[in-house]
Structure formats: structure tokens, C-alpha cells
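Asks: So I've got this file, entry32.pdb, and it contains PDB, C-alpha atoms:
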ATOM      1  CA  MET U  76      57.373  54.191 206.997
ATOM      2  CA  SER U  77      56.927  51.075 209.131
ATOM      3  CA  HIS U  78      57.148  51.016 212.914
ATOM      4  CA  HIS U  79      60.563  49.333 212.710
ATOM      5  CA  GLN U  80      61.859  52.039 210.370
ATOM      6  CA  LEU U  81      60.591  54.782 212.708
ATOM      7  CA  VAL U  82      62.452  53.185 215.618
ATOM      8  CA  LEU U  83      65.616  53.048 213.469
ATOM      9  CA  LEU U  84      65.208  56.705 212.488
ATOM     10  CA  ALA U  85      64.724  57.724 216.134
ATOM     11  CA  ALA U  86      67.826  55.728 217.148
ATOM     12  CA  ALA U  87      69.910  57.313 214.370
ATOM     13  CA  LEU U  88      68.760  60.798 215.433
ATOM     14  CA  VAL U  89      69.584  60.129 219.093
ATOM     15  CA  LEU U  90      73.063  58.915 218.094
ATOM     16  CA  ALA U  91      73.544  62.037 215.951
ATOM     17  CA  ALA U  92      72.361  64.393 218.714
ATOM     18  CA  GLY U  93      74.518  62.711 221.365
ATOM     19  CA  THR U  94      77.578  62.743 219.109
ATOM     20  CA  TYR U  95      77.063  66.442 218.374
ATOM     21  CA  GLY U  96      76.729  67.040 222.115
ATOM     22  CA  PHE U  97      80.151  65.451 222.710
ATOM     23  CA  ARG U  98      81.620  67.486 219.858
ATOM     24  CA  VAL U  99      80.269  70.878 220.871
ATOM     25  CA  ALA U 100      80.825  70.470 224.629
ATOM     26  CA  GLY U 101      84.631  70.761 224.393
ATOM     27  CA  PRO U 102      84.792  74.066 222.464
ATOM     28  CA  LEU U 103      81.960  75.574 224.565
ATOM     29  CA  LEU U 104      83.601  74.577 227.868
ATOM     30  CA  ARG U 105      86.938  75.782 226.624
ATOM     31  CA  SER U 106      85.662  79.305 225.998
ATOM     32  CA  ARG U 107      83.984  79.552 229.419
ATOM     33  CA  VAL U 108      86.602  78.040 231.691
ATOM     34  CA  THR U 109      90.276  78.985 231.876
ATOM     35  CA  PHE U 110      92.488  76.052 232.721
ATOM     36  CA  PRO U 111      95.810  76.320 234.551
ATOM     37  CA  PRO U 112      98.842  75.954 232.202
ATOM     38  CA  ARG U 113      99.617  72.438 233.439
ATOM     39  CA  VAL U 114      96.070  71.287 232.651
ATOM     40  CA  GLU U 115      96.287  73.074 229.270
ATOM     41  CA  ARG U 116      99.361  71.002 228.440
ATOM     42  CA  LEU U 117      97.650  67.785 229.509
ATOM     43  CA  LEU U 118      94.590  68.648 227.395
ATOM     44  CA  GLU U 119      96.838  69.388 224.437
ATOM     45  CA  ALA U 120      98.518  66.002 224.796
ATOM     46  CA  SER U 121      95.215  64.157 225.195
ATOM     47  CA  SER U 122      94.307  64.294 221.481
ATOM     48  CA  VAL U 123      97.677  62.773 220.605
ATOM     49  CA  VAL U 124      97.111  60.011 223.171
ATOM     50  CA  LEU U 125      93.565  59.277 221.934
ATOM     51  CA  LEU U 126      94.598  59.239 218.270
ATOM     52  CA  THR U 127      97.604  56.986 218.929
ATOM     53  CA  ALA U 128      95.368  54.556 220.810
ATOM     54  CA  LEU U 129      92.912  54.681 217.906
ATOM     55  CA  VAL U 130      95.727  53.867 215.449
ATOM     56  CA  ALA U 131      96.905  50.939 217.589
ATOM     57  CA  THR U 132      93.462  49.410 218.141
ATOM     58  CA  THR U 133      92.199  49.845 214.571
ATOM     59  CA  ALA U 134      95.476  48.476 213.149
ATOM     60  CA  LEU U 135      95.561  45.359 215.330
ATOM     61  CA  TYR U 136      91.936  44.529 216.122
ATOM     62  CA  GLU U 137      88.739  43.836 214.256
ATOM     63  CA  GLY U 138      86.019  44.077 216.894
ATOM     64  CA  HIS U 139      87.287  42.030 219.870
ATOM     65  CA  GLY U 140      89.529  39.753 217.802
ATOM     66  CA  ALA U 141      92.877  40.120 216.040
ATOM     67  CA  ALA U 142      92.816  41.841 212.628
ATOM     68  CA  GLY U 143      95.313  39.301 211.239
ATOM     69  CA  TRP U 144      98.729  40.120 209.740
ATOM     70  CA  ALA U 145      98.014  41.933 206.491
ATOM     71  CA  ARG U 146      96.444  45.075 207.975
ATOM     72  CA  PRO U 147      99.056  45.742 210.706
ATOM     73  CA  ALA U 148     101.823  45.058 208.159
ATOM     74  CA  GLY U 149     100.289  47.652 205.826
ATOM     75  CA  VAL U 150     100.006  50.206 208.632
ATOM     76  CA  LEU U 151     103.614  49.481 209.683
ATOM     77  CA  VAL U 152     104.911  50.040 206.138
ATOM     78  CA  GLY U 153     102.923  53.286 205.983
ATOM     79  CA  GLY U 154     104.309  54.360 209.362
ATOM     80  CA  LEU U 155     107.931  53.648 208.355
ATOM     81  CA  LEU U 156     107.542  55.630 205.134
ATOM     82  CA  ALA U 157     105.907  58.512 207.049
ATOM     83  CA  TRP U 158     108.822  58.432 209.539
ATOM     84  CA  ARG U 159     111.222  58.809 206.586
ATOM     85  CA  LYS U 160     109.089  61.793 205.481
ATOM     86  CA  VAL U 161     107.925  60.181 202.254
ATOM     87  CA  PRO U 162     104.991  62.148 200.706
ATOM     88  CA  PHE U 163     101.660  61.447 202.345
ATOM     89  CA  VAL U 164     100.063  60.125 199.133
ATOM     90  CA  LEU U 165     102.661  57.368 198.885
ATOM     91  CA  VAL U 166     102.333  56.532 202.591
ATOM     92  CA  VAL U 167      98.614  55.859 202.295
ATOM     93  CA  LEU U 168      98.845  54.000 198.976
ATOM     94  CA  ALA U 169     101.749  51.870 200.258
ATOM     95  CA  ALA U 170      99.724  50.896 203.340
ATOM     96  CA  ALA U 171      96.761  49.759 201.223
ATOM     97  CA  ALA U 172      98.983  48.068 198.614
ATOM     98  CA  THR U 173     100.944  46.139 201.268
ATOM     99  CA  ALA U 174      97.784  44.839 202.927
ATOM    100  CA  ALA U 175      96.200  43.970 199.562
ATOM    101  CA  GLY U 176      99.420  42.340 198.301
ATOM    102  CA  LEU U 177      99.820  40.173 201.393
ATOM    103  CA  ARG U 178      96.187  39.042 201.107
ATOM    104  CA  LEU U 179      96.746  38.218 197.448
ATOM    105  CA  LEU U 180      99.619  35.986 198.618
ATOM    106  CA  GLY U 181      97.270  34.276 201.053
ATOM    107  CA  VAL U 182      98.378  36.090 204.228
ATOM    108  CA  ARG U 183      95.250  37.175 206.101
TER     109      ARG U 183
ATOM    110  CA  MET T1367      84.773  83.049 205.827
ATOM    111  CA  ARG T1368      87.659  84.133 203.562
ATOM    112  CA  ALA T1369      90.016  84.249 206.546
ATOM    113  CA  ILE T1370      89.615  80.494 206.975
ATOM    114  CA  TRP T1371      90.983  79.743 203.506
ATOM    115  CA  ARG T1372      94.058  81.943 203.803
ATOM    116  CA  GLY T1373      96.198  78.984 204.839
ATOM    117  CA  VAL T1374      95.238  76.686 201.939
ATOM    118  CA  ASP T1375      98.042  75.672 199.589
ATOM    119  CA  ARG T1376      98.491  72.927 197.005
ATOM    120  CA  ALA T1377     100.224  70.465 199.329
ATOM    121  CA  LEU T1378      97.407  70.785 201.848
ATOM    122  CA  LEU T1379      94.739  70.399 199.148
ATOM    123  CA  ARG T1380      96.444  67.241 197.879
ATOM    124  CA  ASP T1381      96.831  65.656 201.330
ATOM    125  CA  VAL T1382      93.294  66.491 202.429
ATOM    126  CA  GLY T1383      91.958  65.371 199.038
ATOM    127  CA  LEU T1384      93.608  61.986 199.412
ATOM    128  CA  VAL T1385      92.201  61.510 202.912
ATOM    129  CA  CYS T1386      88.712  62.469 201.721
ATOM    130  CA  LEU T1387      88.979  60.076 198.777
ATOM    131  CA  ALA T1388      89.956  57.250 201.141
ATOM    132  CA  VAL T1389      87.044  58.134 203.435
ATOM    133  CA  GLY T1390      84.689  58.147 200.412
ATOM    134  CA  VAL T1391      85.823  54.673 199.393
ATOM    135  CA  ILE T1392      85.269  53.381 202.929
ATOM    136  CA  GLY T1393      81.841  55.069 202.737
ATOM    137  CA  VAL T1394      81.030  52.922 199.696
ATOM    138  CA  SER T1395      81.725  49.780 201.716
ATOM    139  CA  TYR T1396      79.636  51.174 204.599
ATOM    140  CA  GLY T1397      76.596  51.801 202.367
ATOM    141  CA  THR T1398      77.018  48.409 200.722
ATOM    142  CA  ILE T1399      77.221  46.548 204.035
ATOM    143  CA  ALA T1400      74.133  48.343 205.395
ATOM    144  CA  VAL T1401      72.017  47.451 202.351
ATOM    145  CA  ALA T1402      73.377  43.907 202.216
ATOM    146  CA  SER T1403      72.253  43.549 205.871
ATOM    147  CA  HIS T1404      68.655  44.323 204.723
ATOM    148  CA  LEU T1405      68.565  47.735 206.359
ATOM    149  CA  PRO T1406      66.684  50.552 204.596
ATOM    150  CA  ALA T1407      68.923  52.490 202.171
ATOM    151  CA  TRP T1408      68.160  55.844 203.829
ATOM    152  CA  LEU T1409      69.652  54.723 207.151
ATOM    153  CA  PRO T1410      73.389  54.748 206.248
ATOM    154  CA  VAL T1411      72.903  57.999 204.290
ATOM    155  CA  VAL T1412      71.059  59.823 207.103
ATOM    156  CA  MET T1413      73.683  58.693 209.612
ATOM    157  CA  ALA T1414      76.548  59.607 207.284
ATOM    158  CA  CYS T1415      75.213  63.192 207.136
ATOM    159  CA  LEU T1416      74.170  63.640 210.770
ATOM    160  CA  VAL T1417      76.565  61.436 212.777
ATOM    161  CA  VAL T1418      79.654  61.692 210.499
ATOM    162  CA  ALA T1419      81.694  59.252 212.579
ATOM    163  CA  GLY T1420      82.441  56.082 210.614
ATOM    164  CA  ALA T1421      83.403  53.679 213.400
ATOM    165  CA  SER T1422      80.214  54.341 215.397
ATOM    166  CA  GLU T1423      78.070  53.984 212.273
ATOM    167  CA  PHE T1424      79.626  50.636 211.319
ATOM    168  CA  LEU T1425      79.015  49.480 214.890
ATOM    169  CA  PHE T1426      75.399  50.733 214.871
ATOM    170  CA  VAL T1427      74.664  48.974 211.574
ATOM    171  CA  GLY T1428      76.387  45.801 212.786
ATOM    172  CA  ILE T1429      74.370  45.617 216.008
ATOM    173  CA  VAL T1430      71.012  46.411 214.375
ATOM    174  CA  ALA T1431      71.669  44.010 211.472
ATOM    175  CA  ALA T1432      72.441  41.231 213.979
ATOM    176  CA  GLY T1433      68.967  41.789 215.466
ATOM    177  CA  GLY T1434      70.178  43.858 218.399
ATOM    178  CA  ASN T1435      68.091  46.526 220.100
ATOM    179  CA  PRO T1436      68.492  49.868 218.254
ATOM    180  CA  PHE T1437      69.007  51.696 221.534
ATOM    181  CA  ALA T1438      71.780  49.315 222.539
ATOM    182  CA  ALA T1439      73.311  50.273 219.180
ATOM    183  CA  VAL T1440      72.914  53.964 220.137
ATOM    184  CA  ALA T1441      74.643  53.381 223.481
ATOM    185  CA  ALA T1442      77.548  51.583 221.774
ATOM    186  CA  GLY T1443      77.837  54.322 219.157
ATOM    187  CA  LEU T1444      77.850  57.063 221.809
ATOM    188  CA  LEU T1445      80.569  55.260 223.735
ATOM    189  CA  VAL T1446      82.721  55.126 220.586
ATOM    190  CA  ASN T1447      82.095  58.831 219.941
ATOM    191  CA  ALA T1448      82.783  60.001 223.503
ATOM    192  CA  ARG T1449      86.396  60.706 222.465
ATOM    193  CA  HIS T1450      85.114  63.852 220.714
ATOM    194  CA  LEU T1451      84.702  65.531 224.110
ATOM    195  CA  PRO T1452      88.442  65.440 224.968
ATOM    196  CA  PHE T1453      89.169  66.233 221.273
ATOM    197  CA  GLY T1454      87.182  69.443 221.631
ATOM    198  CA  LEU T1455      88.890  70.316 224.917
ATOM    199  CA  SER T1456      92.354  69.805 223.455
ATOM    200  CA  LEU T1457      91.765  71.331 220.045
ATOM    201  CA  PRO T1458      93.581  74.613 219.467
ATOM    202  CA  ASP T1459      91.184  77.380 218.476
ATOM    203  CA  VAL T1460      90.278  76.533 214.895
ATOM    204  CA  LEU T1461      86.525  76.945 215.192
ATOM    205  CA  GLY T1462      86.074  80.649 215.864
ATOM    206  CA  GLN T1463      82.920  81.974 217.521
ATOM    207  CA  GLY T1464      79.145  81.920 217.087
ATOM    208  CA  TRP T1465      77.667  79.912 214.226
ATOM    209  CA  ARG T1466      81.153  78.935 213.041
ATOM    210  CA  ARG T1467      81.815  77.208 216.313
ATOM    211  CA  LEU T1468      78.402  75.494 216.271
ATOM    212  CA  PHE T1469      78.840  74.272 212.687
ATOM    213  CA  GLY T1470      82.591  73.658 213.013
ATOM    214  CA  SER T1471      81.922  71.301 215.919
ATOM    215  CA  HIS T1472      79.874  69.101 213.579
ATOM    216  CA  LEU T1473      82.998  68.781 211.385
ATOM    217  CA  MET T1474      85.067  67.403 214.263
ATOM    218  CA  ASN T1475      86.344  63.975 213.246
ATOM    219  CA  ASP T1476      89.572  62.022 213.729
ATOM    220  CA  GLU T1477      91.098  63.158 210.444
ATOM    221  CA  ALA T1478      90.260  66.872 210.825
ATOM    222  CA  VAL T1479      91.540  66.887 214.417
ATOM    223  CA  VAL T1480      94.795  65.192 213.526
ATOM    224  CA  PHE T1481      95.317  67.509 210.520
ATOM    225  CA  ALA T1482      94.864  70.492 212.821
ATOM    226  CA  LEU T1483      97.261  69.026 215.396
ATOM    227  CA  SER T1484      99.957  68.261 212.835
ATOM    228  CA  THR T1485      99.996  71.831 211.503
ATOM    229  CA  PRO T1486     101.847  74.400 213.636
ATOM    230  CA  ASP T1487     100.950  77.596 211.716
ATOM    231  CA  PRO T1488      97.579  78.958 213.019
ATOM    232  CA  ASP T1489      96.212  80.049 209.594
ATOM    233  CA  ARG T1490      97.155  76.780 207.947
ATOM    234  CA  ARG T1491      95.846  74.820 210.928
ATOM    235  CA  ARG T1492      92.428  76.464 210.714
ATOM    236  CA  ALA T1493      92.326  75.895 206.948
ATOM    237  CA  ALA T1494      93.344  72.237 207.383
ATOM    238  CA  TYR T1495      90.614  71.589 209.958
ATOM    239  CA  TRP T1496      87.824  73.186 207.904
ATOM    240  CA  LEU T1497      88.963  71.781 204.567
ATOM    241  CA  CYS T1498      89.241  68.251 205.923
ATOM    242  CA  GLY T1499      86.025  68.521 207.961
ATOM    243  CA  LEU T1500      83.962  69.827 205.023
ATOM    244  CA  GLY T1501      85.595  67.376 202.598
ATOM    245  CA  ILE T1502      84.632  64.431 204.780
ATOM    246  CA  LEU T1503      81.125  65.830 205.330
ATOM    247  CA  VAL T1504      80.730  65.620 201.524
ATOM    248  CA  CYS T1505      82.706  62.450 200.717
ATOM    249  CA  TRP T1506      81.450  60.182 203.519
ATOM    250  CA  PRO T1507      77.703  60.493 202.668
ATOM    251  CA  THR T1508      78.477  60.473 198.930
ATOM    252  CA  GLY T1509      80.347  57.198 199.408
ATOM    253  CA  ALA T1510      77.441  55.820 201.450
ATOM    254  CA  VAL T1511      74.939  56.741 198.682
ATOM    255  CA  LEU T1512      77.135  55.078 196.039
ATOM    256  CA  GLY T1513      77.430  52.031 198.282
ATOM    257  CA  THR T1514      73.662  51.643 198.632
ATOM    258  CA  VAL T1515      73.352  51.948 194.832
ATOM    259  CA  LEU T1516      76.185  49.558 194.069
ATOM    260  CA  GLY T1517      74.636  46.984 196.358
ATOM    261  CA  SER T1518      76.964  44.057 196.724
ATOM    262  CA  ALA T1519      79.440  45.003 193.964
ATOM    263  CA  VAL T1520      82.252  46.073 196.318
ATOM    264  CA  HIS T1521      81.429  43.759 199.156
ATOM    265  CA  ASP T1522      84.909  42.990 200.440
ATOM    266  CA  THR T1523      86.934  46.196 200.611
ATOM    267  CA  ALA T1524      89.620  44.285 202.555
ATOM    268  CA  THR T1525      90.754  42.760 199.230
ATOM    269  CA  PHE T1526      92.047  46.194 198.234
ATOM    270  CA  GLY T1527      93.684  46.823 201.605
ATOM    271  CA  LEU T1528      91.357  49.739 202.315
ATOM    272  CA  ASP T1529      91.049  48.732 205.958
ATOM    273  CA  ALA T1530      94.755  49.600 206.379
ATOM    274  CA  MET T1531      94.163  53.135 205.087
ATOM    275  CA  PHE T1532      92.376  54.627 208.112
ATOM    276  CA  PRO T1533      95.023  53.688 210.734
ATOM    277  CA  ALA T1534      97.839  54.553 208.273
ATOM    278  CA  VAL T1535      96.366  58.024 207.612
ATOM    279  CA  LEU T1536      96.051  58.740 211.347
ATOM    280  CA  LEU T1537      99.542  57.369 212.054
ATOM    281  CA  ALA T1538     101.203  59.472 209.350
ATOM    282  CA  LEU T1539      99.495  62.592 210.698
ATOM    283  CA  VAL T1540     100.133  61.955 214.395
ATOM    284  CA  LEU T1541     103.834  61.036 213.938
ATOM    285  CA  PRO T1542     105.202  64.615 214.114
ATOM    286  CA  ALA T1543     103.565  65.094 217.533
ATOM    287  CA  LEU T1544     105.130  61.793 218.667
ATOM    288  CA  ARG T1545     108.608  63.201 218.061
ATOM    289  CA  GLU T1546     108.095  65.182 221.279
ATOM    290  CA  ARG T1547     109.237  62.924 224.073
ATOM    291  CA  PRO T1548     106.607  63.615 226.789
ATOM    292  CA  LYS T1549     103.762  63.226 224.299
ATOM    293  CA  ARG T1550     105.319  60.039 222.928
ATOM    294  CA  ARG T1551     105.583  58.498 226.405
ATOM    295  CA  ALA T1552     101.979  59.310 227.242
ATOM    296  CA  ALA T1553     100.754  58.140 223.818
ATOM    297  CA  LEU T1554     102.628  54.819 223.909
ATOM    298  CA  ALA T1555     101.499  54.090 227.477
ATOM    299  CA  GLY T1556      97.931  54.954 226.483
ATOM    300  CA  ALA T1557      98.074  52.767 223.372
ATOM    301  CA  ALA T1558      99.322  49.862 225.530
ATOM    302  CA  VAL T1559      96.326  50.299 227.868
ATOM    303  CA  ALA T1560      93.924  50.398 224.893
ATOM    304  CA  LEU T1561      95.476  47.300 223.273
ATOM    305  CA  ALA T1562      95.416  45.320 226.531
ATOM    306  CA  THR T1563      91.752  46.093 227.216
ATOM    307  CA  THR T1564      90.245  45.906 223.690
ATOM    308  CA  PRO T1565      89.477  42.141 223.793
ATOM    309  CA  PHE T1566      87.445  42.486 226.985
ATOM    310  CA  LEU T1567      85.690  45.863 226.942
ATOM    311  CA  PRO T1568      82.922  47.371 224.768
ATOM    312  CA  ALA T1569      84.185  49.179 221.645
ATOM    313  CA  GLY T1570      85.189  52.776 222.331
ATOM    314  CA  LEU T1571      86.004  52.368 226.022
ATOM    315  CA  PRO T1572      89.627  51.166 225.516
ATOM    316  CA  VAL T1573      90.485  54.297 223.500
ATOM    317  CA  LEU T1574      89.096  56.492 226.297
ATOM    318  CA  LEU T1575      91.044  54.497 228.909
ATOM    319  CA  ALA T1576      94.185  55.369 226.941
ATOM    320  CA  LEU T1577      93.958  58.819 228.578
ATOM    321  CA  ALA T1578      95.453  57.068 231.633
ATOM    322  CA  GLY T1579      98.713  57.348 229.669
ATOM    323  CA  LEU T1580      98.730  61.054 230.557
ATOM    324  CA  ALA T1581      99.473  60.065 234.164
ATOM    325  CA  VAL T1582     102.756  58.310 233.269
ATOM    326  CA  PRO T1583     105.336  59.602 235.764
ATOM    327  CA  GLY T1584     108.252  61.467 234.228
ATOM    328  CA  GLY T1585     106.264  62.563 231.258
ATOM    329  CA  ARG T1586     104.690  65.432 233.145
ATOM    330  CA  GLU T1587     107.927  66.511 234.851
ATOM    331  CA  ARG T1588     109.749  66.645 231.544
ATOM    332  CA  GLU T1589     106.875  68.537 230.043
ATOM    333  CA  ALA T1590     107.006  71.087 232.862
ATOM    334  CA  ALA T1591     110.752  71.423 232.337
ATOM    335  CA  ALA T1592     110.388  71.933 228.583
TER     336      ALA T1592
END
What's the C-alpha cells form of this structure?
Replies:
Amino acid sequence: MSHHQLVLLAAALVLAAGTYGFRVAGPLLRSRVTFPPRVERLLEASSVVLLTALVATTALYEGHGAAGWARPAGVLVGGLLAWRKVPFVLVVLAAAATAAGLRLLGVR
Amino acid sequence: MRAIWRGVDRALLRDVGLVCLAVGVIGVSYGTIAVASHLPAWLPVVMACLVVAGASEFLFVGIVAAGGNPFAAVAAGLLVNARHLPFGLSLPDVLGQGWRRLFGSHLMNDEAVVFALSTPDPDRRRAAYWLCGLGILVCWPTGAVLGTVLGSAVHDTATFGLDAMFPAVLLALVLPALRERPKRRAALAGAAVALATTPFLPAGLPVLLALAGLAVPGGREREAAA
């Protein structure tokens, strides 16, 4: 293994260890500390807030720039179908098919 | 271990299976991109097994492939993955104790968390988290291996609209929680903060800043009243 590859391996391991640290810290803290009910409710809502923000940013952006029209349109179609309680399989396939279809038509 | 699987039913298996399949396909594009960027084939596979967080791995590969410092890539990846700390704090108890908690934490990813959140029944919630977490732990690296083998065959996954799958999956799963008004207010305010700051800030930070949405006035009062 070359020097460059060793550096890459070390970097990958540090990223893995740090990510695991973030993951395990929440459950460990949670079992040691009791939070007041109001804080409990805020914590419970925080996953929903983070995931919604993740949906919004990954649907609309690619890196720092706009993701174009096809991807958000696909996500929107998926979201509307999910709102109407259409089965999950169809929601996901419709999202991909809409984005792919629009791109086929030349919409980026 | 049997207790974990008590909540599994066919509908859950199908939904989780579909998510894992989508993740596997994205894994193929991840492995392909890494190899096409002249990185060693073991790198995406090792990261897929040990990091198991797609967005940070894409970012890491992108920075290193562009000639960036590997430790700058680590810093960027850690920033993107910092959301797992509040995930773990807000997650209902699905992990259990001892080795289960230590291993279950490794399975914490966006999809498993959102599956757990969208399932009210405790048995089913635990089953959903573990099933989705383990499924992704298998499918993501498998996809990455296939990608490194396929080389440049599936270079542009955008053609098939696969990039729309990840946000659509998360949206479909988070929607039930958004029917609750206080959560919806906080989530929409947070998403607005993330969208407004994404063009200017390093990847990962805008999503964390979305937590500011929790401070939206009214939302907390209503929550206390509920």
C-alpha cells in the first residue's frame, strides 16, 4: 500500500470513528440524563425538523447550486402521492419516473 | 434478539425492502464514481461498511478526487454526519441496552430513523429501525462493490431519476409527523433556514441550523397545550 493510500485509509477510519461517536453519543447521553418533559418534546421534534431540512436541501440543491427542475418535480410528485396515502412503492417509483421522464424530455 | 422481530409484517418488509433496494442502486453509482475518479476500489467499500452515511461519503470522495486534503474531506464528512447526535437524542428507545445499543447505534441512518419515527407501535418501531438499519448495512456496501466492478457502466444515475429517490423516500416517511401542527411549524421554519443558507455554508451545516426552527414562537405553546 502506497503512502497516499495509507493516508486515505487513515482519513476513512477517522471519518468512521467520528461518525460512530456522533451516533452513539445520543443514546448513551439519553440513558444517563433525564430531561424535563418540555425538553423531551423538543428533542422528539428535532428529528422531524432535521429530516425535513434534509428533504428540502437534497431535493432543491446539488452541492451549493440548484438541482434543476426534474429532481424537485419528482420529489413533489412523490410527496403529493404520499399525502394521498398511495402505497410507498408507487411513491418512490413515481418520484424517480417523473425525474427521469422530465430529463428525457430535455428538462434538466 | 427474537423480540426485535416481533413487529415485522409483510407491509413493513416490502417498504423497507424498497428503500434498501434504492440505497443499493445509489451505492452502485457511489462505487462507480469513486473508481472513475481514480481512487482505489477498496476505499468506497471500506467507507460503505464503516461510515454507512452516503452523503458524507460522496462528499469525501468528491473532495479527495478533486485533489483536496484528505483531512479536509474528513472534517466536511463529520460536519455532514453531526446530525446523528440530535437523531440519537430524539430517537425513541429502539436500541435496547449493552451490545445492542453499541451495535444499533452503527445502524443509525436517515432512513432507519425516519422509519422508526413514522411507526407509532413500539414493537413495530423497533423492528422497523433494525430491519432498515441492517438492510442498508448490507445493501449500501454491496452496491458500492458492484459499482467498483461495473466501472463506468452506470455513470449517470440521474438519467434514471435515482437522485429523486432519496428525498422522496424521506418525505414520504416524514409526512405523518408533519400532520401534527407544532412539528410542522418547526419543520417548515427549519427547512426555510436550511434552504436560505445552503448556497453559502459548508455542506451539513445548513441542516443543523434548521434546528433553529424549534424556537419558532407559538409552536412550543401549542405543543405544551396539546
Asks: Report the centre and edge lengths, in Å to one decimal, of an axis-aligned box enclosing every atom of stretch 148-151 of chain U listed in the file, padded by 6 Å on each side, as lines of an AutoDock Vina configuration file.
Replies:
center_x = 101.8
center_y = 47.6
center_z = 207.8
size_x = 15.6
size_y = 17.1
size_z = 15.9
Asks: Output as a PyMOL selection string the set of chain U residues within 7 Å of chain T, with distances taken over all atoms listed in the file.
Replies: chain U and resi 83+86-87+90-91+93-95+97-102+105+117-125+127-134+139-140+146+149-150+153-154+157+163-164+167+170-172+174-175+178
Asks: Hey, can you check how far atom CA of T:Val1391 sits from atom CA of T:Val1411?
Replies: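 Rounded to one decimal, the two atoms are 14.2 Å apart.
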Asks: May I ask for the distance between atom CA of T:Ala1494 and atom CA of T:Gly1390, given in Å to one decimal place?
Replies: 17.9 Å
Asks: Which distance in Å separates atom CA of T:Val1515 and atom CA of T:Val1394, to one decimal?
Replies: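 These two atoms are separated by 9.1 Å.
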Asks: Using all atoms listed in the file for the distances, tell me which of T:Gly1434, T:Gly1420, T:Pro1488, T:Gly1393 is nearest to T:Trp1371.
Replies: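 Looking only at the distances to T:Trp1371, the closest residue turns out to be T:Pro1488.
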Asks: Since the input is missing atoms, can you rebuild N, CA, C and O atoms for stretch 122-138 of chain U and write them as a PDB file, in the coordinates of the input?
Replies:
ATOM      1  N   SER U 122      94.689  64.689 222.848  1.00  0.00           N
ATOM      2  CA  SER U 122      94.307  64.294 221.481  1.00  0.00           C
ATOM      3  C   SER U 122      95.320  63.338 220.886  1.00  0.00           C
ATOM      4  O   SER U 122      94.962  62.356 220.233  1.00  0.00           O
ATOM      5  N   VAL U 123      96.614  63.632 221.124  1.00  0.00           N
ATOM      6  CA  VAL U 123      97.677  62.773 220.605  1.00  0.00           C
ATOM      7  C   VAL U 123      97.558  61.372 221.201  1.00  0.00           C
ATOM      8  O   VAL U 123      97.675  60.363 220.493  1.00  0.00           O
ATOM      9  N   VAL U 124      97.258  61.312 222.502  1.00  0.00           N
ATOM     10  CA  VAL U 124      97.111  60.011 223.171  1.00  0.00           C
ATOM     11  C   VAL U 124      95.919  59.243 222.597  1.00  0.00           C
ATOM     12  O   VAL U 124      96.029  58.055 222.260  1.00  0.00           O
ATOM     13  N   LEU U 125      94.776  59.934 222.456  1.00  0.00           N
ATOM     14  CA  LEU U 125      93.565  59.277 221.934  1.00  0.00           C
ATOM     15  C   LEU U 125      93.789  58.775 220.501  1.00  0.00           C
ATOM     16  O   LEU U 125      93.418  57.651 220.154  1.00  0.00           O
ATOM     17  N   LEU U 126      94.406  59.623 219.674  1.00  0.00           N
ATOM     18  CA  LEU U 126      94.598  59.239 218.270  1.00  0.00           C
ATOM     19  C   LEU U 126      95.589  58.088 218.146  1.00  0.00           C
ATOM     20  O   LEU U 126      95.402  57.184 217.332  1.00  0.00           O
ATOM     21  N   THR U 127      96.641  58.093 218.965  1.00  0.00           N
ATOM     22  CA  THR U 127      97.604  56.986 218.929  1.00  0.00           C
ATOM     23  C   THR U 127      96.928  55.679 219.342  1.00  0.00           C
ATOM     24  O   THR U 127      97.150  54.631 218.725  1.00  0.00           O
ATOM     25  N   ALA U 128      96.091  55.753 220.374  1.00  0.00           N
ATOM     26  CA  ALA U 128      95.368  54.556 220.810  1.00  0.00           C
ATOM     27  C   ALA U 128      94.418  54.077 219.716  1.00  0.00           C
ATOM     28  O   ALA U 128      94.262  52.870 219.488  1.00  0.00           O
ATOM     29  N   LEU U 129      93.821  55.026 219.005  1.00  0.00           N
ATOM     30  CA  LEU U 129      92.912  54.681 217.906  1.00  0.00           C
ATOM     31  C   LEU U 129      93.685  53.993 216.774  1.00  0.00           C
ATOM     32  O   LEU U 129      93.226  52.999 216.198  1.00  0.00           O
ATOM     33  N   VAL U 130      94.873  54.502 216.463  1.00  0.00           N
ATOM     34  CA  VAL U 130      95.727  53.867 215.449  1.00  0.00           C
ATOM     35  C   VAL U 130      96.039  52.434 215.864  1.00  0.00           C
ATOM     36  O   VAL U 130      95.868  51.488 215.089  1.00  0.00           O
ATOM     37  N   ALA U 131      96.488  52.262 217.119  1.00  0.00           N
ATOM     38  CA  ALA U 131      96.905  50.939 217.589  1.00  0.00           C
ATOM     39  C   ALA U 131      95.748  49.948 217.554  1.00  0.00           C
ATOM     40  O   ALA U 131      95.890  48.825 217.046  1.00  0.00           O
ATOM     41  N   THR U 132      94.574  50.363 218.068  1.00  0.00           N
ATOM     42  CA  THR U 132      93.462  49.410 218.141  1.00  0.00           C
ATOM     43  C   THR U 132      92.880  49.112 216.759  1.00  0.00           C
ATOM     44  O   THR U 132      92.569  47.962 216.465  1.00  0.00           O
ATOM     45  N   THR U 133      92.778  50.133 215.889  1.00  0.00           N
ATOM     46  CA  THR U 133      92.199  49.845 214.571  1.00  0.00           C
ATOM     47  C   THR U 133      93.188  49.095 213.682  1.00  0.00           C
ATOM     48  O   THR U 133      92.776  48.407 212.750  1.00  0.00           O
ATOM     49  N   ALA U 134      94.504  49.217 213.952  1.00  0.00           N
ATOM     50  CA  ALA U 134      95.476  48.476 213.149  1.00  0.00           C
ATOM     51  C   ALA U 134      95.500  47.007 213.556  1.00  0.00           C
ATOM     52  O   ALA U 134      95.677  46.130 212.707  1.00  0.00           O
ATOM     53  N   LEU U 135      95.334  46.723 214.834  1.00  0.00           N
ATOM     54  CA  LEU U 135      95.561  45.359 215.330  1.00  0.00           C
ATOM     55  C   LEU U 135      94.293  44.558 215.600  1.00  0.00           C
ATOM     56  O   LEU U 135      94.337  43.340 215.672  1.00  0.00           O
ATOM     57  N   TYR U 136      93.157  45.259 215.778  1.00  0.00           N
ATOM     58  CA  TYR U 136      91.936  44.529 216.122  1.00  0.00           C
ATOM     59  C   TYR U 136      90.831  44.755 215.104  1.00  0.00           C
ATOM     60  O   TYR U 136      90.732  45.819 214.496  1.00  0.00           O
ATOM     61  N   GLU U 137      89.999  43.709 214.977  1.00  0.00           N
ATOM     62  CA  GLU U 137      88.739  43.836 214.256  1.00  0.00           C
ATOM     63  C   GLU U 137      87.677  43.424 215.271  1.00  0.00           C
ATOM     64  O   GLU U 137      87.593  42.248 215.606  1.00  0.00           O
ATOM     65  N   GLY U 138      86.927  44.380 215.785  1.00  0.00           N
ATOM     66  CA  GLY U 138      86.019  44.077 216.894  1.00  0.00           C
ATOM     67  C   GLY U 138      86.842  43.674 218.104  1.00  0.00           C
ATOM     68  O   GLY U 138      87.773  44.378 218.491  1.00  0.00           O
TER      69      GLY U 138
END
